[in-house]
Amino acid sequence: MAWVYHLDLTEEQIERARIALLPGDPARVAKIAQTAPLQESRFVAQHREFTTWIGYANACPVLITSTGIGGPSTAIAIEELALLGVRTFIRVGTTGGLQPAINVGDLVITTGAVRQDGASLDYAPLAYPAVAHYKIVQVLEQAARELKIPHHIGITCSTATFYPGQERQDSQYIPRHLHGITEEWQRLKVLNYEMEAATILTICSALGLRGGCLAGVVDRHGDTHISPEGLRLGEQNAIQVATGAAALLVSEAA
Ligand code: URA
């Protein structure tokens with residue numbers, strides 16, 4: 001029976017789940033697991049930043065595992081869940097909007113990610129694209145449309161750091177090579193900043209897995225703080241759509 005170290009999970013515990021929802025925050029795991037259409041959810045394991053719950057959509061198991069913040073711990077979560085048999089990975093994250101039409105509470109569905117994450121370089125050279133699986137983009141869009149939640153579909157920039165990498169005004173120090181980088185991404189129609197999509201999408205493509213990324217907008221570039229209301233709205237909308245999309249995937253497989 002396979003057991004994976006960082007997640008402290010066995011193959012038996014995941015009950016042949018093939019889909020995993022991946023928030024960064026361990027505290028978001030139970031919230032996702034307890035959101036309809038997921039049912040009968042329960043806690044499974046916790047070790048370091050990795051908390052895992054299981055829920056059921058149409059009686060099929062869906063795992064929810066936190067990745068922690070950033071590429072390195074996210075890569076560990078994907079590797080270990082893949083070892084246990086998981087084949088579809090959907091990030092359920094939060095994000096900062098970069099375009100004027102993107103508001104707090106909206107969702108961004110990533111089609112491809114700028115690979116400023118660092119970790120994905122250990123899987124493929126930078127010329128290799130970080131692209132979402134088309135089917136995952138499709139079900140995320142369908143779920144957002146059905147739930148009437150405003151959403152934007154396009155390119156995400158994943159950074160290795162929250163402060164200088166996103167050129168935040170409240171950074172202690174921004175090195176010269178990052179000055180003006182946000183304006184460049186904005187001109188290139190990049191929708192949002194976050195820290196995990198590029199790692200997930202690169203690893204999934206490289207290993208023949210399905211990857212996707214959905215994030216709720218909790219601030220806009222230039223904001224120096226994230227408000228509790230913005231966080232709650234962005235998170236809640238992302239959770240609704242992610243659980244809806246998981247149920248759509250499960251019912252198509254049945
Ligand atoms: N997560 C990020 O990485 N950046 C933001 O601005 C908000 C959430």
# chains A, B, ... in the order shown; residues from 1 in each chain; ligands from 1
call {"tool": "residues_near_ligand", "arguments": {"ligand": "ligand 1", "cutoff": "10 Å", "atoms": "only C-alpha atoms and all ligand atoms", "output": "ChimeraX atom specification"}}
result
/A:24,69-70,93-98,157-163,165-168,192-196,215-226,231,234
call {"tool": "residues_around", "arguments": {"residues": "segment 132-137 of chain A", "least_positions_apart": "4", "cutoff": "9 Å", "atoms": "only C-alpha atoms", "output": "number ranges by chain"}}
result
A: 88-90, 109-113, 141-142, 153, 197, 200-202, 204-205, 209-214, 245, 249
call {"tool": "write_last_selection", "arguments": {"atoms": "N, CA, C and O atoms", "output": "short mmCIF file (atom, residue, chain, number, x, y, z; two decimals), in the first residue's frame"}}
result
data_model
loop_
_atom_site.label_atom_id
_atom_site.label_comp_id
_atom_site.auth_asym_id
_atom_site.auth_seq_id
_atom_site.Cartn_x
_atom_site.Cartn_y
_atom_site.Cartn_z
N THR A 88 -6.23 14.52 -11.98
CA THR A 88 -6.73 15.86 -12.32
C THR A 88 -6.53 16.79 -11.13
O THR A 88 -6.93 16.45 -10.01
N PHE A 89 -5.92 17.95 -11.40
CA PHE A 89 -5.56 18.88 -10.32
C PHE A 89 -6.13 20.27 -10.63
O PHE A 89 -5.83 20.83 -11.70
N ILE A 90 -6.93 20.79 -9.73
CA ILE A 90 -7.50 22.13 -9.95
C ILE A 90 -7.16 23.02 -8.76
O ILE A 90 -7.59 22.76 -7.63
N ILE A 109 -9.98 32.44 -14.53
CA ILE A 109 -9.75 31.06 -14.97
C ILE A 109 -8.53 31.12 -15.89
O ILE A 109 -8.55 31.81 -16.91
N THR A 110 -7.49 30.43 -15.50
CA THR A 110 -6.21 30.54 -16.21
C THR A 110 -6.17 29.63 -17.43
O THR A 110 -6.46 28.43 -17.33
N THR A 111 -5.76 30.20 -18.57
CA THR A 111 -5.52 29.34 -19.75
C THR A 111 -4.03 29.00 -19.84
O THR A 111 -3.66 27.94 -20.33
N GLY A 112 -3.18 29.94 -19.39
CA GLY A 112 -1.74 29.71 -19.42
C GLY A 112 -1.09 30.64 -18.41
O GLY A 112 -1.68 31.66 -18.04
N ALA A 113 0.11 30.28 -17.96
CA ALA A 113 0.75 31.08 -16.91
C ALA A 113 2.17 31.48 -17.28
O ALA A 113 2.93 30.68 -17.83
N GLU A 141 -15.32 27.23 -16.70
CA GLU A 141 -16.13 28.29 -17.33
C GLU A 141 -17.62 27.96 -17.23
O GLU A 141 -18.44 28.81 -16.90
N GLN A 142 -17.95 26.69 -17.50
CA GLN A 142 -19.36 26.26 -17.43
C GLN A 142 -19.92 26.49 -16.02
O GLN A 142 -21.02 27.03 -15.85
N ILE A 153 -11.16 34.95 -18.44
CA ILE A 153 -10.41 33.76 -18.85
C ILE A 153 -9.16 34.22 -19.61
O ILE A 153 -9.27 34.99 -20.57
N ALA A 197 -0.01 28.74 -10.06
CA ALA A 197 -0.55 28.20 -11.32
C ALA A 197 0.55 27.65 -12.23
O ALA A 197 0.41 26.54 -12.78
N ILE A 200 1.77 24.23 -11.14
CA ILE A 200 0.76 23.17 -11.34
C ILE A 200 0.64 22.84 -12.83
O ILE A 200 0.66 21.67 -13.23
N LEU A 201 0.51 23.86 -13.66
CA LEU A 201 0.24 23.61 -15.08
C LEU A 201 1.44 22.99 -15.78
O LEU A 201 1.28 22.10 -16.63
N THR A 202 2.64 23.43 -15.43
CA THR A 202 3.84 22.84 -16.05
C THR A 202 3.99 21.37 -15.64
O THR A 202 4.21 20.50 -16.48
N CYS A 204 1.74 19.29 -14.49
CA CYS A 204 0.67 18.44 -15.02
C CYS A 204 0.91 18.12 -16.49
O CYS A 204 0.80 16.96 -16.90
N SER A 205 1.25 19.12 -17.30
CA SER A 205 1.52 18.83 -18.71
C SER A 205 2.70 17.88 -18.85
O SER A 205 2.66 16.92 -19.62
N LEU A 209 -0.77 14.73 -16.82
CA LEU A 209 -1.92 14.87 -15.92
C LEU A 209 -2.76 16.05 -16.40
O LEU A 209 -2.31 16.83 -17.23
N ARG A 210 -3.97 16.19 -15.87
CA ARG A 210 -4.80 17.35 -16.24
C ARG A 210 -4.69 18.42 -15.15
O ARG A 210 -4.94 18.14 -13.98
N GLY A 211 -4.36 19.64 -15.56
CA GLY A 211 -4.23 20.71 -14.58
C GLY A 211 -5.07 21.91 -14.96
O GLY A 211 -5.28 22.20 -16.14
N GLY A 212 -5.55 22.61 -13.94
CA GLY A 212 -6.32 23.84 -14.17
C GLY A 212 -6.17 24.75 -12.97
O GLY A 212 -5.71 24.33 -11.90
N CYS A 213 -6.54 26.00 -13.18
CA CYS A 213 -6.38 26.97 -12.09
C CYS A 213 -7.52 27.98 -12.09
O CYS A 213 -7.83 28.58 -13.13
N LEU A 214 -8.11 28.14 -10.92
CA LEU A 214 -9.19 29.09 -10.71
C LEU A 214 -8.81 29.92 -9.49
O LEU A 214 -8.37 29.36 -8.48
N ALA A 245 -17.44 22.65 -10.64
CA ALA A 245 -16.66 22.07 -11.74
C ALA A 245 -16.26 20.62 -11.44
O ALA A 245 -16.28 19.77 -12.34
N LEU A 249 -17.07 17.32 -13.74
CA LEU A 249 -16.05 16.37 -14.22
C LEU A 249 -16.41 14.94 -13.83
O LEU A 249 -16.29 14.01 -14.62
#
call {"tool": "residues_around", "arguments": {"residues": "Gln46 of chain A", "least_positions_apart": "3", "cutoff": "9 Å", "atoms": "only C-alpha atoms", "output": "PyMOL selection string"}}
result
chain A and resi 7-9+26+43+49-53
call {"tool": "select_by_dssp", "arguments": {"residues": "segment 103-164 of chain A", "states": "helix (DSSP H, G or I)", "output": "number ranges by chain"}}
result
A: 119-122, 134-146, 164
call {"tool": "select_by_dssp", "arguments": {"residues": "segment 72-191 of chain A", "states": "strand (DSSP E)", "output": "PyMOL selection string"}}
result
chain A and resi 88-97+107-116+130-131+151-159
call {"tool": "write_last_selection", "arguments": {"atoms": "N, CA and C atoms", "output": "PDB file, in the first residue's frame"}}
result
ATOM      1  N   THR A  88      -6.229  14.523 -11.976  1.00  0.00           N
ATOM      2  CA  THR A  88      -6.732  15.864 -12.323  1.00  0.00           C
ATOM      3  C   THR A  88      -6.530  16.791 -11.131  1.00  0.00           C
ATOM      4  N   PHE A  89      -5.925  17.955 -11.397  1.00  0.00           N
ATOM      5  CA  PHE A  89      -5.564  18.885 -10.318  1.00  0.00           C
ATOM      6  C   PHE A  89      -6.127  20.271 -10.632  1.00  0.00           C
ATOM      7  N   ILE A  90      -6.926  20.791  -9.730  1.00  0.00           N
ATOM      8  CA  ILE A  90      -7.497  22.129  -9.953  1.00  0.00           C
ATOM      9  C   ILE A  90      -7.159  23.020  -8.760  1.00  0.00           C
ATOM     10  N   ARG A  91      -6.399  24.078  -9.047  1.00  0.00           N
ATOM     11  CA  ARG A  91      -6.092  25.039  -7.974  1.00  0.00           C
ATOM     12  C   ARG A  91      -7.331  25.875  -7.668  1.00  0.00           C
ATOM     13  N   VAL A  92      -7.564  26.086  -6.361  1.00  0.00           N
ATOM     14  CA  VAL A  92      -8.662  26.948  -5.907  1.00  0.00           C
ATOM     15  C   VAL A  92      -8.001  28.036  -5.068  1.00  0.00           C
ATOM     16  N   GLY A  93      -7.605  29.115  -5.737  1.00  0.00           N
ATOM     17  CA  GLY A  93      -6.741  30.078  -5.075  1.00  0.00           C
ATOM     18  C   GLY A  93      -7.333  31.456  -4.914  1.00  0.00           C
ATOM     19  N   THR A  94      -6.477  32.367  -4.443  1.00  0.00           N
ATOM     20  CA  THR A  94      -6.811  33.790  -4.408  1.00  0.00           C
ATOM     21  C   THR A  94      -5.756  34.511  -5.233  1.00  0.00           C
ATOM     22  N   THR A  95      -6.093  35.725  -5.656  1.00  0.00           N
ATOM     23  CA  THR A  95      -5.239  36.375  -6.634  1.00  0.00           C
ATOM     24  C   THR A  95      -5.397  37.887  -6.604  1.00  0.00           C
ATOM     25  N   GLY A  96      -4.432  38.579  -7.207  1.00  0.00           N
ATOM     26  CA  GLY A  96      -4.516  40.033  -7.361  1.00  0.00           C
ATOM     27  C   GLY A  96      -4.799  40.369  -8.828  1.00  0.00           C
ATOM     28  N   GLY A  97      -5.817  41.196  -9.057  1.00  0.00           N
ATOM     29  CA  GLY A  97      -6.191  41.556 -10.439  1.00  0.00           C
ATOM     30  C   GLY A  97      -5.231  42.587 -11.014  1.00  0.00           C
ATOM     31  N   LEU A 107     -13.676  36.137 -10.654  1.00  0.00           N
ATOM     32  CA  LEU A 107     -12.802  34.960 -10.752  1.00  0.00           C
ATOM     33  C   LEU A 107     -11.912  35.059 -11.977  1.00  0.00           C
ATOM     34  N   VAL A 108     -10.725  34.495 -11.875  1.00  0.00           N
ATOM     35  CA  VAL A 108      -9.869  34.337 -13.057  1.00  0.00           C
ATOM     36  C   VAL A 108      -9.685  32.846 -13.305  1.00  0.00           C
ATOM     37  N   ILE A 109      -9.982  32.438 -14.528  1.00  0.00           N
ATOM     38  CA  ILE A 109      -9.754  31.057 -14.975  1.00  0.00           C
ATOM     39  C   ILE A 109      -8.535  31.121 -15.893  1.00  0.00           C
ATOM     40  N   THR A 110      -7.491  30.430 -15.498  1.00  0.00           N
ATOM     41  CA  THR A 110      -6.208  30.539 -16.207  1.00  0.00           C
ATOM     42  C   THR A 110      -6.168  29.625 -17.427  1.00  0.00           C
ATOM     43  N   THR A 111      -5.760  30.197 -18.573  1.00  0.00           N
ATOM     44  CA  THR A 111      -5.519  29.345 -19.751  1.00  0.00           C
ATOM     45  C   THR A 111      -4.029  29.004 -19.840  1.00  0.00           C
ATOM     46  N   GLY A 112      -3.182  29.943 -19.393  1.00  0.00           N
ATOM     47  CA  GLY A 112      -1.739  29.712 -19.417  1.00  0.00           C
ATOM     48  C   GLY A 112      -1.094  30.643 -18.411  1.00  0.00           C
ATOM     49  N   ALA A 113       0.110  30.279 -17.957  1.00  0.00           N
ATOM     50  CA  ALA A 113       0.748  31.084 -16.909  1.00  0.00           C
ATOM     51  C   ALA A 113       2.169  31.481 -17.284  1.00  0.00           C
ATOM     52  N   VAL A 114       2.497  32.736 -16.964  1.00  0.00           N
ATOM     53  CA  VAL A 114       3.880  33.218 -17.076  1.00  0.00           C
ATOM     54  C   VAL A 114       4.673  32.533 -15.966  1.00  0.00           C
ATOM     55  N   ARG A 115       5.804  31.929 -16.347  1.00  0.00           N
ATOM     56  CA  ARG A 115       6.522  31.067 -15.403  1.00  0.00           C
ATOM     57  C   ARG A 115       7.598  31.831 -14.622  1.00  0.00           C
ATOM     58  N   GLN A 116       7.136  32.709 -13.740  1.00  0.00           N
ATOM     59  CA  GLN A 116       8.058  33.422 -12.841  1.00  0.00           C
ATOM     60  C   GLN A 116       8.131  32.708 -11.490  1.00  0.00           C
ATOM     61  N   ALA A 130       3.320  26.734 -19.802  1.00  0.00           N
ATOM     62  CA  ALA A 130       2.493  26.336 -18.646  1.00  0.00           C
ATOM     63  C   ALA A 130       1.039  26.549 -19.073  1.00  0.00           C
ATOM     64  N   VAL A 131       0.426  25.517 -19.630  1.00  0.00           N
ATOM     65  CA  VAL A 131      -0.945  25.671 -20.132  1.00  0.00           C
ATOM     66  C   VAL A 131      -1.905  24.759 -19.381  1.00  0.00           C
ATOM     67  N   HIS A 151     -16.437  36.291 -14.341  1.00  0.00           N
ATOM     68  CA  HIS A 151     -15.153  35.605 -14.491  1.00  0.00           C
ATOM     69  C   HIS A 151     -14.432  36.101 -15.733  1.00  0.00           C
ATOM     70  N   HIS A 152     -13.118  35.924 -15.723  1.00  0.00           N
ATOM     71  CA  HIS A 152     -12.252  36.363 -16.810  1.00  0.00           C
ATOM     72  C   HIS A 152     -11.371  35.164 -17.155  1.00  0.00           C
ATOM     73  N   ILE A 153     -11.156  34.945 -18.444  1.00  0.00           N
ATOM     74  CA  ILE A 153     -10.407  33.760 -18.855  1.00  0.00           C
ATOM     75  C   ILE A 153      -9.157  34.222 -19.610  1.00  0.00           C
ATOM     76  N   GLY A 154      -7.988  33.782 -19.178  1.00  0.00           N
ATOM     77  CA  GLY A 154      -6.781  34.213 -19.879  1.00  0.00           C
ATOM     78  C   GLY A 154      -5.504  33.893 -19.123  1.00  0.00           C
ATOM     79  N   ILE A 155      -4.519  34.765 -19.315  1.00  0.00           N
ATOM     80  CA  ILE A 155      -3.160  34.482 -18.841  1.00  0.00           C
ATOM     81  C   ILE A 155      -2.924  35.040 -17.428  1.00  0.00           C
ATOM     82  N   THR A 156      -2.287  34.200 -16.620  1.00  0.00           N
ATOM     83  CA  THR A 156      -1.938  34.508 -15.224  1.00  0.00           C
ATOM     84  C   THR A 156      -0.426  34.644 -15.121  1.00  0.00           C
ATOM     85  N   CYS A 157       0.046  35.489 -14.233  1.00  0.00           N
ATOM     86  CA  CYS A 157       1.487  35.505 -13.939  1.00  0.00           C
ATOM     87  C   CYS A 157       1.704  34.911 -12.542  1.00  0.00           C
ATOM     88  N   SER A 158       2.474  33.819 -12.490  1.00  0.00           N
ATOM     89  CA  SER A 158       2.803  33.186 -11.205  1.00  0.00           C
ATOM     90  C   SER A 158       4.191  33.621 -10.783  1.00  0.00           C
ATOM     91  N   THR A 159       4.289  34.164  -9.585  1.00  0.00           N
ATOM     92  CA  THR A 159       5.581  34.679  -9.118  1.00  0.00           C
ATOM     93  C   THR A 159       6.144  33.810  -7.993  1.00  0.00           C
TER      94      THR A 159
END
call {"tool": "residues_around", "arguments": {"residues": "Ala119 of chain A", "least_positions_apart": "5", "cutoff": "9 Å", "atoms": "only C-alpha atoms", "output": "ChimeraX atom specification"}}
result
/A:70-72,74-75,160,198-199
call {"tool": "write_last_selection", "arguments": {"atoms": "N, CA, C and O atoms", "output": "compact mmCIF listing (two decimals), in the first residue's frame"}}
result
# COMPACT_ATOMS: atom_id res chain seq x y z
N GLY A 70 3.13 28.92 -2.76
CA GLY A 70 4.27 28.93 -3.67
C GLY A 70 4.58 27.58 -4.31
O GLY A 70 4.02 26.54 -3.96
N GLY A 71 5.51 27.64 -5.26
CA GLY A 71 5.82 26.49 -6.10
C GLY A 71 6.39 25.27 -5.39
O GLY A 71 5.93 24.15 -5.65
N PRO A 72 7.40 25.42 -4.52
CA PRO A 72 8.05 24.21 -3.98
C PRO A 72 7.09 23.28 -3.24
O PRO A 72 7.08 22.06 -3.49
N THR A 74 3.85 23.23 -3.50
CA THR A 74 2.81 22.81 -4.45
C THR A 74 3.32 21.62 -5.28
O THR A 74 2.58 20.67 -5.55
N ALA A 75 4.57 21.69 -5.69
CA ALA A 75 5.16 20.59 -6.47
C ALA A 75 5.16 19.29 -5.66
O ALA A 75 4.87 18.20 -6.20
N ALA A 160 7.46 33.90 -7.81
CA ALA A 160 8.12 33.13 -6.75
C ALA A 160 7.98 33.81 -5.40
O ALA A 160 8.13 33.18 -4.36
N ALA A 198 1.63 28.39 -12.42
CA ALA A 198 2.66 27.95 -13.38
C ALA A 198 3.26 26.61 -12.96
O ALA A 198 3.56 25.76 -13.80
N THR A 199 3.45 26.44 -11.65
CA THR A 199 4.00 25.17 -11.17
C THR A 199 3.03 24.03 -11.47
O THR A 199 3.42 22.98 -12.01
call {"tool": "residues_around", "arguments": {"residues": "Ile14 of chain A", "least_positions_apart": "6", "cutoff": "9 Å", "atoms": "only C-alpha atoms", "output": "number ranges by chain"}}
result
A: 44, 54, 61-63, 84-86
call {"tool": "atom_distance", "arguments": {"atom1": "atom CA of Arg48 of chain A", "atom2": "atom CA of Ala2 of chain A"}}
result
19.4 Å
call {"tool": "atom_distance", "arguments": {"atom1": "atom CA of Ala144 of chain A", "atom2": "atom CA of Arg16 of chain A"}}
result
27.1 Å
call {"tool": "closest_residue", "arguments": {"among": "A:Ile64, A:Leu188, A:Ile181, A:Ala101", "to": "Thr243 of chain A", "atoms": "only C-alpha atoms"}}
result
A:Ile64
call {"tool": "atom_distance", "arguments": {"atom1": "atom CA of Gly55 of chain A", "atom2": "atom CA of Gly244 of chain A"}}
result
12.6 Å
call {"tool": "decode", "arguments": {"residues": "segment 152-164 of chain A", "atoms": "N, CA, C and O atoms", "output": "compact mmCIF listing (two decimals), in the first residue's frame"}}
result
# COMPACT_ATOMS: atom_id res chain seq x y z
N HIS A 152 -13.12 35.92 -15.72
CA HIS A 152 -12.25 36.36 -16.81
C HIS A 152 -11.37 35.16 -17.16
O HIS A 152 -10.88 34.48 -16.25
N ILE A 153 -11.16 34.95 -18.44
CA ILE A 153 -10.41 33.76 -18.85
C ILE A 153 -9.16 34.22 -19.61
O ILE A 153 -9.27 34.99 -20.57
N GLY A 154 -7.99 33.78 -19.18
CA GLY A 154 -6.78 34.21 -19.88
C GLY A 154 -5.50 33.89 -19.12
O GLY A 154 -5.44 32.92 -18.37
N ILE A 155 -4.52 34.76 -19.32
CA ILE A 155 -3.16 34.48 -18.84
C ILE A 155 -2.92 35.04 -17.43
O ILE A 155 -3.29 36.17 -17.12
N THR A 156 -2.29 34.20 -16.62
CA THR A 156 -1.94 34.51 -15.22
C THR A 156 -0.43 34.64 -15.12
O THR A 156 0.30 33.94 -15.84
N CYS A 157 0.05 35.49 -14.23
CA CYS A 157 1.49 35.50 -13.94
C CYS A 157 1.70 34.91 -12.54
O CYS A 157 1.18 35.44 -11.56
N SER A 158 2.47 33.82 -12.49
CA SER A 158 2.80 33.19 -11.21
C SER A 158 4.19 33.62 -10.78
O SER A 158 5.15 33.44 -11.53
N THR A 159 4.29 34.16 -9.58
CA THR A 159 5.58 34.68 -9.12
C THR A 159 6.14 33.81 -7.99
O THR A 159 5.40 33.12 -7.29
N ALA A 160 7.46 33.90 -7.81
CA ALA A 160 8.12 33.13 -6.75
C ALA A 160 7.98 33.81 -5.40
O ALA A 160 8.13 33.18 -4.36
N THR A 161 7.72 35.13 -5.43
CA THR A 161 7.57 35.86 -4.17
C THR A 161 6.32 36.73 -4.25
O THR A 161 5.92 37.19 -5.33
N PHE A 162 5.71 36.96 -3.09
CA PHE A 162 4.49 37.79 -3.02
C PHE A 162 4.85 39.28 -3.13
O PHE A 162 4.16 40.03 -3.81
N TYR A 163 5.95 39.69 -2.48
CA TYR A 163 6.27 41.13 -2.41
C TYR A 163 7.05 41.64 -3.62
O TYR A 163 6.45 42.25 -4.51
N PRO A 164 8.38 41.40 -3.71
CA PRO A 164 9.07 41.99 -4.88
C PRO A 164 8.59 41.39 -6.21
O PRO A 164 8.47 42.13 -7.19
